[in-house]
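Novice: Sharing a structure, written as structure tokens. Questions coming.
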Amino acid sequence: MKWRVKNRIDYAILFVLFAVFTFIKRQYWGTSFAEPHPQKNMRAVGPALGISKQNDPLYYVQYIKVNPSVSEPGVLDTYAHIPFREVALGILLEFSPYGLHYTTRFFANGLGIALIILIYLYLKSIFNKRFALIGSAFMTVSFYINLVSFVIPQDTIMFLFLFLSLYLVNQFYLKNESYYLALAGFSAGLAFNAKYSSALIFVPIVLFSMYANEETITDYFTNSIGFYTAFVIPEILFRLWISHVPEDPILAIPAIVTLLALIPVIKNFGWLINWYRLGVEKCVNDRRLFLIASISGVALLYGVWYAAGFSKFVGPFFTTDPKLLLNPTVYSYMLFNQFKPLLGIETFIGGLLGLCVLPVSSLDRIQKYTVFSFIMATFLYWILTLKVIFFHMYYAVIFGITFGLLATVLLYEILEQASVLIEQNSVSPDAKLAMTICALFVVVVFSYGTVATSMNENFVGKDTQEAAEYLESHSSEEEMFLRQGGSYVLSVSADRKSVNPPMLENQTIKEAIRQHGFGRAMLSFNVTYIVTIGEINPNGFPNPYDTETNIQDIGELRKNIILSEVTGEERPNYITNNVEFGDKVRDSIVLEAEINGYHFYRIEANNTIE
């Protein structure tokens with residue numbers, strides 16, 4: 001009976017945490033998508049809107065960065081990743097009576113609650129209920145967790161599958177059932193498909209977790225190989241069939257058949273593990289064979305990396321430049337100017353103190369290894385992806401999780417020491433529960449102000465309703481607009497696709513502008529408006545009359561911007577100042593309306609042909 005009561009209390013506490021988590025964002029559910037980095041919502045909401053409109057879960061369309069020169073602008077014939085969020089949101093939009101913005105926010109919040117549940121289950125399986133509840137409380141009031149539960153970047157899906165994978169890895173060691181290892185690897189593969197950078201997080205955590213649990217080097221290598229065997233399956237299925245389903249829906253059949261065929265394989269994964277163990281034992285006992293196997297494994301990974309095109313994804317756009325990598329001023333700036341304000345002083349200081357307490361805490365070896373694995377993963381992720389973390393706060397979610405985990409260590413250790421005093425003084429055991437509830441209350445109350453302020457500063461977007469209604473009423477569904485600045489947020493609200501300025505570098509569009517002039521060329525592609533936030537900068541568009549591209553290298557540009565932010569130097573421009581082409585643009589547009597800061601310039605075909 002006591003067990004049931006305690007479990008019900010745990011569930012009641014979780015329910016309260018979910019209510020707080022929802023309340024933090026509830027007042028913003030009806031706001032527009034015009035918050036920082038709105039592209040993340042656009043990339044999810046656009047395809048979902050298309051699915052809802054077409055009543056077709058396989059219909060895949062983007063409303064931003066559209067190429068107007070193709071026959072079906074925005075309609076894509078391949079997936080960029082397995083579209084879990086797009087299809088789920090599209091189906092929800094089909095049946096929801098609450099409108100686009102409210103439904104999207106509700107859906108995102110649901111994903112956030114699912115993430116906190118997985119984090120709770122993971123922490124409970126490694127530590128205990130008290131630790132898991134404290135950790136869940138810190139996640140509830142974490143700005144970063146609330147961020148990916150309000151905006152829905154791929155990071156949301158990535159962390160869902162990542163924590164599912166980590167939970168299953170631990171279940172494998174607790175229950176000694178090989179199919180848990182297979183499911184853990186498969187789930188990690190789904191996280192990787194959602195976002196390739198997830199490998200920088202889960203690889204160190206999984207490696208450390210396995211190292212802490214394994215008794216022999218043979219078991220360590222055997223189970224690691226088994227994990228990564230299952231890990232590659234989702235990406236193989238995606239590249240062979242799933243990614244091409246929008247173009248050829250029949251390819252869904254072999255993907256489904258393969259998944260069904262894998263069920264008995266996963267269920268009986270132990271036979272494959274035993275087969276791996278025989279090979280690993282031979283390699284461990286033969287140095288020459290071990291060396292050959294190691295070199296072959298590295299060569300295989302290297303070949304797959306380049307054959308799959310991951311090197312292009314990482315490249316200078318993603319990899320940290322040496323001038324940043326070895327610059328302590330950059331790390332200091334990010335830690336105190338970017339992370340600390342969003343973490344909140346409570347979690348930031350608590351995390352640093354938790355880091356100091358960790359080595360001498362009462363946690364056992366595996367538990368300490370678990371926390372240490374998150375620290376190492378966060379540090380590795382930071383130094384390797386600094387270029388994107390600096391600009392995109394949702395890349396720093398792992399910092400919110402790790403600092404929350406370290407703060408949990410501190411608070412848990414305080415409660416443990418207090419529990420010892422209670423036992424020594426023969427105080428009622430219910431006092432332990434009361435202390436835990438009080439600690440959770442303190443975490444939520446003291447951190448609520450920080451997360452509420454951060455949400456208000458970052459997610460009170462510009463009102464777009466009137467501007468979107470104007471664009472919708474003054475253009476047809478087939479017409480598009482060229483955006484400048486963040487005006488592309490109007491695309492899903494107005495159901496009109498937007499064109500990015502760099503698209504003027506497209507060879508077909510370049511030739512059309514050279515032959516017919518800017519205005520006539522744009523109208524021939526059904527681009528009828530230029531929409532800006534504030535006054536237009538005609539000189540800011542790429543010049544299609546140049547023989548070479550106007551766009552600077554993104555990686556180099558980001559490095560320069562970071563250094564300018566940290567050192568106070570002049571910030572470089574994204575696009576060169578094309579005065580000559582700017583005059584041609586200016587001659588082809590007429591300011592038609594100005595609504596809440598959005599400027600609508602109608603494109604006209606009255607410019608001189610060059």
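Just so we're on the same page: first chain in the structure tokens is A, next is B, and so on; residues restart at 1 for each chain, and ligands are numbered from 1 in the order they show up.
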Compile the contact shell of A:Met334 as a PDB file with C-alpha atoms, in the first residue's frame: residues with an atom at most 12 Å away, counting only C-alpha atoms, same-chain residues fewer than 3 positions apart removed.
Specialist:
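The file below, part18.pdb, is the result:
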ATOM      1  CA  LEU A 324      38.021  30.348 -32.442  1.00  0.00           C
ATOM      2  CA  ASN A 327      40.562  31.528 -28.222  1.00  0.00           C
ATOM      3  CA  PRO A 328      39.653  31.516 -24.479  1.00  0.00           C
ATOM      4  CA  THR A 329      38.004  34.932 -24.805  1.00  0.00           C
ATOM      5  CA  VAL A 330      35.356  33.448 -27.096  1.00  0.00           C
ATOM      6  CA  TYR A 331      34.507  30.675 -24.616  1.00  0.00           C
ATOM      7  CA  ASN A 337      27.073  36.472 -21.958  1.00  0.00           C
ATOM      8  CA  GLN A 338      25.058  33.768 -23.716  1.00  0.00           C
ATOM      9  CA  PHE A 339      24.643  30.697 -21.505  1.00  0.00           C
ATOM     10  CA  LYS A 340      24.495  32.236 -18.035  1.00  0.00           C
ATOM     11  CA  PRO A 341      21.542  34.645 -18.687  1.00  0.00           C
ATOM     12  CA  LEU A 342      19.442  31.862 -20.235  1.00  0.00           C
ATOM     13  CA  TRP A 382      30.881  23.085 -27.657  1.00  0.00           C
ATOM     14  CA  ILE A 383      34.372  23.110 -29.116  1.00  0.00           C
ATOM     15  CA  LEU A 386      30.974  26.710 -31.582  1.00  0.00           C
ATOM     16  CA  LYS A 387      30.239  28.415 -34.905  1.00  0.00           C
ATOM     17  CA  VAL A 388      26.585  27.452 -34.811  1.00  0.00           C
ATOM     18  CA  ILE A 389      25.991  27.564 -31.050  1.00  0.00           C
ATOM     19  CA  PHE A 390      27.070  31.220 -31.047  1.00  0.00           C
ATOM     20  CA  PHE A 391      24.230  32.172 -33.414  1.00  0.00           C
ATOM     21  CA  HIS A 392      21.518  29.610 -32.625  1.00  0.00           C
ATOM     22  CA  MET A 393      20.403  29.205 -29.006  1.00  0.00           C
ATOM     23  CA  ALA A 396      22.854  24.953 -26.693  1.00  0.00           C
ATOM     24  CA  PHE A 399      24.114  22.989 -21.902  1.00  0.00           C
ATOM     25  CA  ILE A 562      31.981  36.045 -33.777  1.00  0.00           C
ATOM     26  CA  LEU A 563      35.358  37.754 -33.495  1.00  0.00           C
ATOM     27  CA  GLU A 565      31.120  40.482 -31.390  1.00  0.00           C
ATOM     28  CA  VAL A 566      33.761  39.417 -28.877  1.00  0.00           C
TER      29      VAL A 566
END
Novice: Name all residues at most 9 Å from A:Glu235 (count only C-alpha atoms; drop same-chain ones fewer than 5 positions away) and give them as a PyMOL selection string.
Specialist: chain A and resi 189-190+192-193+240
Novice: Which one is closest to A:Phe84: A:Ile273, A:Ala48, A:Ala377, A:Ile225? Count only C-alpha atoms.
Specialist: A:Ala48
Novice: Counting only C-alpha atoms, what is within 10 Å of stretch 207-223 of chain A, bar same-chain residues fewer than 6 positions away, as a PDB file with N, CA, C and O atoms, in the first residue's frame?
Specialist:
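After the write, selection31.pdb holds the following:
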ATOM      1  N   LEU A 166      19.255   6.316 -24.573  1.00  0.00           N
ATOM      2  CA  LEU A 166      20.013   6.201 -23.330  1.00  0.00           C
ATOM      3  C   LEU A 166      19.246   5.381 -22.291  1.00  0.00           C
ATOM      4  O   LEU A 166      19.832   4.583 -21.548  1.00  0.00           O
ATOM      5  N   VAL A 169      19.577   1.748 -23.309  1.00  0.00           N
ATOM      6  CA  VAL A 169      20.915   1.228 -23.000  1.00  0.00           C
ATOM      7  C   VAL A 169      20.976   0.789 -21.540  1.00  0.00           C
ATOM      8  O   VAL A 169      21.491  -0.296 -21.212  1.00  0.00           O
ATOM      9  N   ASN A 170      20.434   1.609 -20.662  1.00  0.00           N
ATOM     10  CA  ASN A 170      20.453   1.267 -19.247  1.00  0.00           C
ATOM     11  C   ASN A 170      19.563   0.065 -18.949  1.00  0.00           C
ATOM     12  O   ASN A 170      19.896  -0.780 -18.107  1.00  0.00           O
ATOM     13  N   TYR A 173      21.425  -3.147 -19.521  1.00  0.00           N
ATOM     14  CA  TYR A 173      22.307  -3.589 -18.434  1.00  0.00           C
ATOM     15  C   TYR A 173      21.523  -4.031 -17.201  1.00  0.00           C
ATOM     16  O   TYR A 173      21.981  -4.900 -16.452  1.00  0.00           O
ATOM     17  N   LEU A 174      20.345  -3.460 -16.994  1.00  0.00           N
ATOM     18  CA  LEU A 174      19.548  -3.852 -15.838  1.00  0.00           C
ATOM     19  C   LEU A 174      18.885  -5.216 -16.033  1.00  0.00           C
ATOM     20  O   LEU A 174      18.797  -6.023 -15.090  1.00  0.00           O
ATOM     21  N   SER A 178      19.187  -8.624 -24.845  1.00  0.00           N
ATOM     22  CA  SER A 178      19.912  -8.036 -25.971  1.00  0.00           C
ATOM     23  C   SER A 178      19.037  -7.148 -26.851  1.00  0.00           C
ATOM     24  O   SER A 178      19.538  -6.234 -27.502  1.00  0.00           O
ATOM     25  N   LEU A 181      19.414  -3.505 -26.347  1.00  0.00           N
ATOM     26  CA  LEU A 181      20.591  -2.904 -26.987  1.00  0.00           C
ATOM     27  C   LEU A 181      20.293  -2.572 -28.443  1.00  0.00           C
ATOM     28  O   LEU A 181      20.680  -1.509 -28.937  1.00  0.00           O
ATOM     29  N   ALA A 182      19.583  -3.486 -29.126  1.00  0.00           N
ATOM     30  CA  ALA A 182      19.222  -3.249 -30.529  1.00  0.00           C
ATOM     31  C   ALA A 182      18.284  -2.048 -30.647  1.00  0.00           C
ATOM     32  O   ALA A 182      18.457  -1.179 -31.514  1.00  0.00           O
ATOM     33  N   THR A 229      25.607  -1.446 -34.871  1.00  0.00           N
ATOM     34  CA  THR A 229      24.983  -2.207 -35.964  1.00  0.00           C
ATOM     35  C   THR A 229      23.529  -1.788 -36.123  1.00  0.00           C
ATOM     36  O   THR A 229      23.052  -1.540 -37.238  1.00  0.00           O
ATOM     37  N   LEU A 272      23.381 -12.468 -32.668  1.00  0.00           N
ATOM     38  CA  LEU A 272      24.348 -11.614 -33.361  1.00  0.00           C
ATOM     39  C   LEU A 272      25.426 -11.127 -32.385  1.00  0.00           C
ATOM     40  O   LEU A 272      26.612 -11.069 -32.732  1.00  0.00           O
ATOM     41  N   ILE A 273      25.011 -10.809 -31.152  1.00  0.00           N
ATOM     42  CA  ILE A 273      25.960 -10.383 -30.128  1.00  0.00           C
ATOM     43  C   ILE A 273      26.964 -11.502 -29.840  1.00  0.00           C
ATOM     44  O   ILE A 273      28.176 -11.262 -29.711  1.00  0.00           O
ATOM     45  N   ASN A 274      26.464 -12.744 -29.741  1.00  0.00           N
ATOM     46  CA  ASN A 274      27.362 -13.880 -29.490  1.00  0.00           C
ATOM     47  C   ASN A 274      28.343 -14.081 -30.646  1.00  0.00           C
ATOM     48  O   ASN A 274      29.512 -14.420 -30.430  1.00  0.00           O
ATOM     49  N   TRP A 275      27.857 -13.855 -31.859  1.00  0.00           N
ATOM     50  CA  TRP A 275      28.730 -13.988 -33.029  1.00  0.00           C
ATOM     51  C   TRP A 275      29.804 -12.901 -33.017  1.00  0.00           C
ATOM     52  O   TRP A 275      30.964 -13.154 -33.308  1.00  0.00           O
ATOM     53  N   TYR A 276      29.395 -11.693 -32.660  1.00  0.00           N
ATOM     54  CA  TYR A 276      30.364 -10.596 -32.526  1.00  0.00           C
ATOM     55  C   TYR A 276      31.403 -10.916 -31.441  1.00  0.00           C
ATOM     56  O   TYR A 276      32.589 -10.620 -31.591  1.00  0.00           O
ATOM     57  N   ARG A 277      30.931 -11.513 -30.348  1.00  0.00           N
ATOM     58  CA  ARG A 277      31.830 -11.787 -29.226  1.00  0.00           C
ATOM     59  C   ARG A 277      32.957 -12.728 -29.652  1.00  0.00           C
ATOM     60  O   ARG A 277      34.116 -12.560 -29.237  1.00  0.00           O
ATOM     61  N   LEU A 278      32.638 -13.718 -30.482  1.00  0.00           N
ATOM     62  CA  LEU A 278      33.666 -14.649 -30.952  1.00  0.00           C
ATOM     63  C   LEU A 278      34.741 -13.909 -31.742  1.00  0.00           C
ATOM     64  O   LEU A 278      35.939 -14.147 -31.569  1.00  0.00           O
ATOM     65  N   GLY A 279      34.299 -12.992 -32.615  1.00  0.00           N
ATOM     66  CA  GLY A 279      35.253 -12.215 -33.408  1.00  0.00           C
ATOM     67  C   GLY A 279      36.082 -11.277 -32.549  1.00  0.00           C
ATOM     68  O   GLY A 279      37.294 -11.132 -32.757  1.00  0.00           O
ATOM     69  N   VAL A 280      35.428 -10.619 -31.574  1.00  0.00           N
ATOM     70  CA  VAL A 280      36.143  -9.687 -30.701  1.00  0.00           C
ATOM     71  C   VAL A 280      37.172 -10.426 -29.854  1.00  0.00           C
ATOM     72  O   VAL A 280      38.301  -9.949 -29.658  1.00  0.00           O
ATOM     73  N   GLU A 281      36.810 -11.608 -29.353  1.00  0.00           N
ATOM     74  CA  GLU A 281      37.752 -12.389 -28.539  1.00  0.00           C
ATOM     75  C   GLU A 281      39.004 -12.737 -29.330  1.00  0.00           C
ATOM     76  O   GLU A 281      40.130 -12.684 -28.809  1.00  0.00           O
ATOM     77  N   LYS A 282      38.829 -13.092 -30.604  1.00  0.00           N
ATOM     78  CA  LYS A 282      39.985 -13.401 -31.443  1.00  0.00           C
ATOM     79  C   LYS A 282      40.860 -12.168 -31.637  1.00  0.00           C
ATOM     80  O   LYS A 282      42.092 -12.254 -31.596  1.00  0.00           O
ATOM     81  N   CYS A 283      40.211 -11.020 -31.860  1.00  0.00           N
ATOM     82  CA  CYS A 283      40.977  -9.781 -32.072  1.00  0.00           C
ATOM     83  C   CYS A 283      41.716  -9.351 -30.804  1.00  0.00           C
ATOM     84  O   CYS A 283      42.864  -8.903 -30.866  1.00  0.00           O
ATOM     85  N   VAL A 284      41.051  -9.490 -29.657  1.00  0.00           N
ATOM     86  CA  VAL A 284      41.667  -9.086 -28.390  1.00  0.00           C
ATOM     87  C   VAL A 284      42.877  -9.958 -28.067  1.00  0.00           C
ATOM     88  O   VAL A 284      43.886  -9.477 -27.538  1.00  0.00           O
ATOM     89  N   ASN A 285      42.803 -11.244 -28.417  1.00  0.00           N
ATOM     90  CA  ASN A 285      43.892 -12.174 -28.112  1.00  0.00           C
ATOM     91  C   ASN A 285      44.995 -12.172 -29.163  1.00  0.00           C
ATOM     92  O   ASN A 285      46.046 -12.783 -28.956  1.00  0.00           O
ATOM     93  N   ARG A 365      29.775   4.604  -8.645  1.00  0.00           N
ATOM     94  CA  ARG A 365      30.684   4.740  -9.798  1.00  0.00           C
ATOM     95  C   ARG A 365      29.923   4.951 -11.104  1.00  0.00           C
ATOM     96  O   ARG A 365      30.257   5.854 -11.887  1.00  0.00           O
ATOM     97  N   ILE A 366      28.908   4.153 -11.356  1.00  0.00           N
ATOM     98  CA  ILE A 366      28.150   4.256 -12.610  1.00  0.00           C
ATOM     99  C   ILE A 366      27.427   5.602 -12.686  1.00  0.00           C
ATOM    100  O   ILE A 366      27.373   6.241 -13.745  1.00  0.00           O
ATOM    101  N   GLN A 367      26.883   6.031 -11.570  1.00  0.00           N
ATOM    102  CA  GLN A 367      26.173   7.314 -11.552  1.00  0.00           C
ATOM    103  C   GLN A 367      27.121   8.477 -11.821  1.00  0.00           C
ATOM    104  O   GLN A 367      26.790   9.409 -12.560  1.00  0.00           O
ATOM    105  N   LYS A 368      28.297   8.429 -11.245  1.00  0.00           N
ATOM    106  CA  LYS A 368      29.290   9.482 -11.493  1.00  0.00           C
ATOM    107  C   LYS A 368      29.736   9.466 -12.949  1.00  0.00           C
ATOM    108  O   LYS A 368      29.909  10.519 -13.574  1.00  0.00           O
ATOM    109  N   TYR A 369      29.934   8.276 -13.493  1.00  0.00           N
ATOM    110  CA  TYR A 369      30.303   8.162 -14.904  1.00  0.00           C
ATOM    111  C   TYR A 369      29.212   8.758 -15.803  1.00  0.00           C
ATOM    112  O   TYR A 369      29.504   9.381 -16.822  1.00  0.00           O
ATOM    113  N   THR A 370      27.965   8.547 -15.415  1.00  0.00           N
ATOM    114  CA  THR A 370      26.850   9.080 -16.211  1.00  0.00           C
ATOM    115  C   THR A 370      26.904  10.597 -16.275  1.00  0.00           C
ATOM    116  O   THR A 370      26.809  11.196 -17.360  1.00  0.00           O
ATOM    117  N   VAL A 371      27.052  11.236 -15.113  1.00  0.00           N
ATOM    118  CA  VAL A 371      27.129  12.701 -15.084  1.00  0.00           C
ATOM    119  C   VAL A 371      28.368  13.180 -15.829  1.00  0.00           C
ATOM    120  O   VAL A 371      28.307  14.151 -16.599  1.00  0.00           O
ATOM    121  N   PHE A 372      29.482  12.493 -15.623  1.00  0.00           N
ATOM    122  CA  PHE A 372      30.725  12.875 -16.291  1.00  0.00           C
ATOM    123  C   PHE A 372      30.589  12.744 -17.814  1.00  0.00           C
ATOM    124  O   PHE A 372      31.132  13.572 -18.560  1.00  0.00           O
ATOM    125  N   SER A 373      29.843  11.742 -18.273  1.00  0.00           N
ATOM    126  CA  SER A 373      29.668  11.563 -19.720  1.00  0.00           C
ATOM    127  C   SER A 373      28.928  12.745 -20.329  1.00  0.00           C
ATOM    128  O   SER A 373      29.232  13.165 -21.456  1.00  0.00           O
ATOM    129  N   PHE A 374      27.958  13.321 -19.604  1.00  0.00           N
ATOM    130  CA  PHE A 374      27.244  14.498 -20.096  1.00  0.00           C
ATOM    131  C   PHE A 374      28.173  15.713 -20.134  1.00  0.00           C
ATOM    132  O   PHE A 374      28.089  16.543 -21.051  1.00  0.00           O
ATOM    133  N   MET A 376      31.455  15.654 -20.583  1.00  0.00           N
ATOM    134  CA  MET A 376      32.376  15.467 -21.711  1.00  0.00           C
ATOM    135  C   MET A 376      31.669  15.689 -23.042  1.00  0.00           C
ATOM    136  O   MET A 376      32.228  16.295 -23.959  1.00  0.00           O
ATOM    137  N   ALA A 377      30.453  15.179 -23.165  1.00  0.00           N
ATOM    138  CA  ALA A 377      29.697  15.355 -24.409  1.00  0.00           C
ATOM    139  C   ALA A 377      29.419  16.831 -24.672  1.00  0.00           C
ATOM    140  O   ALA A 377      29.529  17.308 -25.807  1.00  0.00           O
TER     141      ALA A 377
END
Novice: Considering only helix (DSSP H, G or I) as DSSP defines it on the backbone, what residues of stretch 472-590 of chain A qualify? List them as a VMD selection string.
Specialist: chain A and resid 472 to 473 487 to 494 501 to 505 507 to 516 518 to 524 538 to 540 554 to 567 579 to 586
Novice: Using atom CA of A:Arg105 and atom CA of A:Thr31 as the two end points, give the distance in Å to one decimal.
Specialist: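 These two atoms are separated by 9.1 Å.
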Novice: How would you write, as a ChimeraX atom specification, the set of residues in stretch 317-566 of chain A that DSSP gives as strand (DSSP E or B)?
Specialist: /A:480-484,498-499,527-533,551
Novice: Point out the residue among A:Trp271, A:Tyr412, A:Phe459, A:Tyr28 with the least atom-to-atom distance to A:Val443, counting only C-alpha atoms.
Specialist: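 Of A:Trp271, A:Tyr412, A:Phe459, A:Tyr28, the one nearest A:Val443 is A:Tyr412, counting only C-alpha atoms.
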Novice: Could you tell me which of A:Phe348, A:Trp29, A:Tyr488, A:Tyr11 comes closest to A:Val460 if we count only C-alpha atoms?
Specialist: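 Closest to A:Val460, using only C-alpha atoms: A:Trp29.
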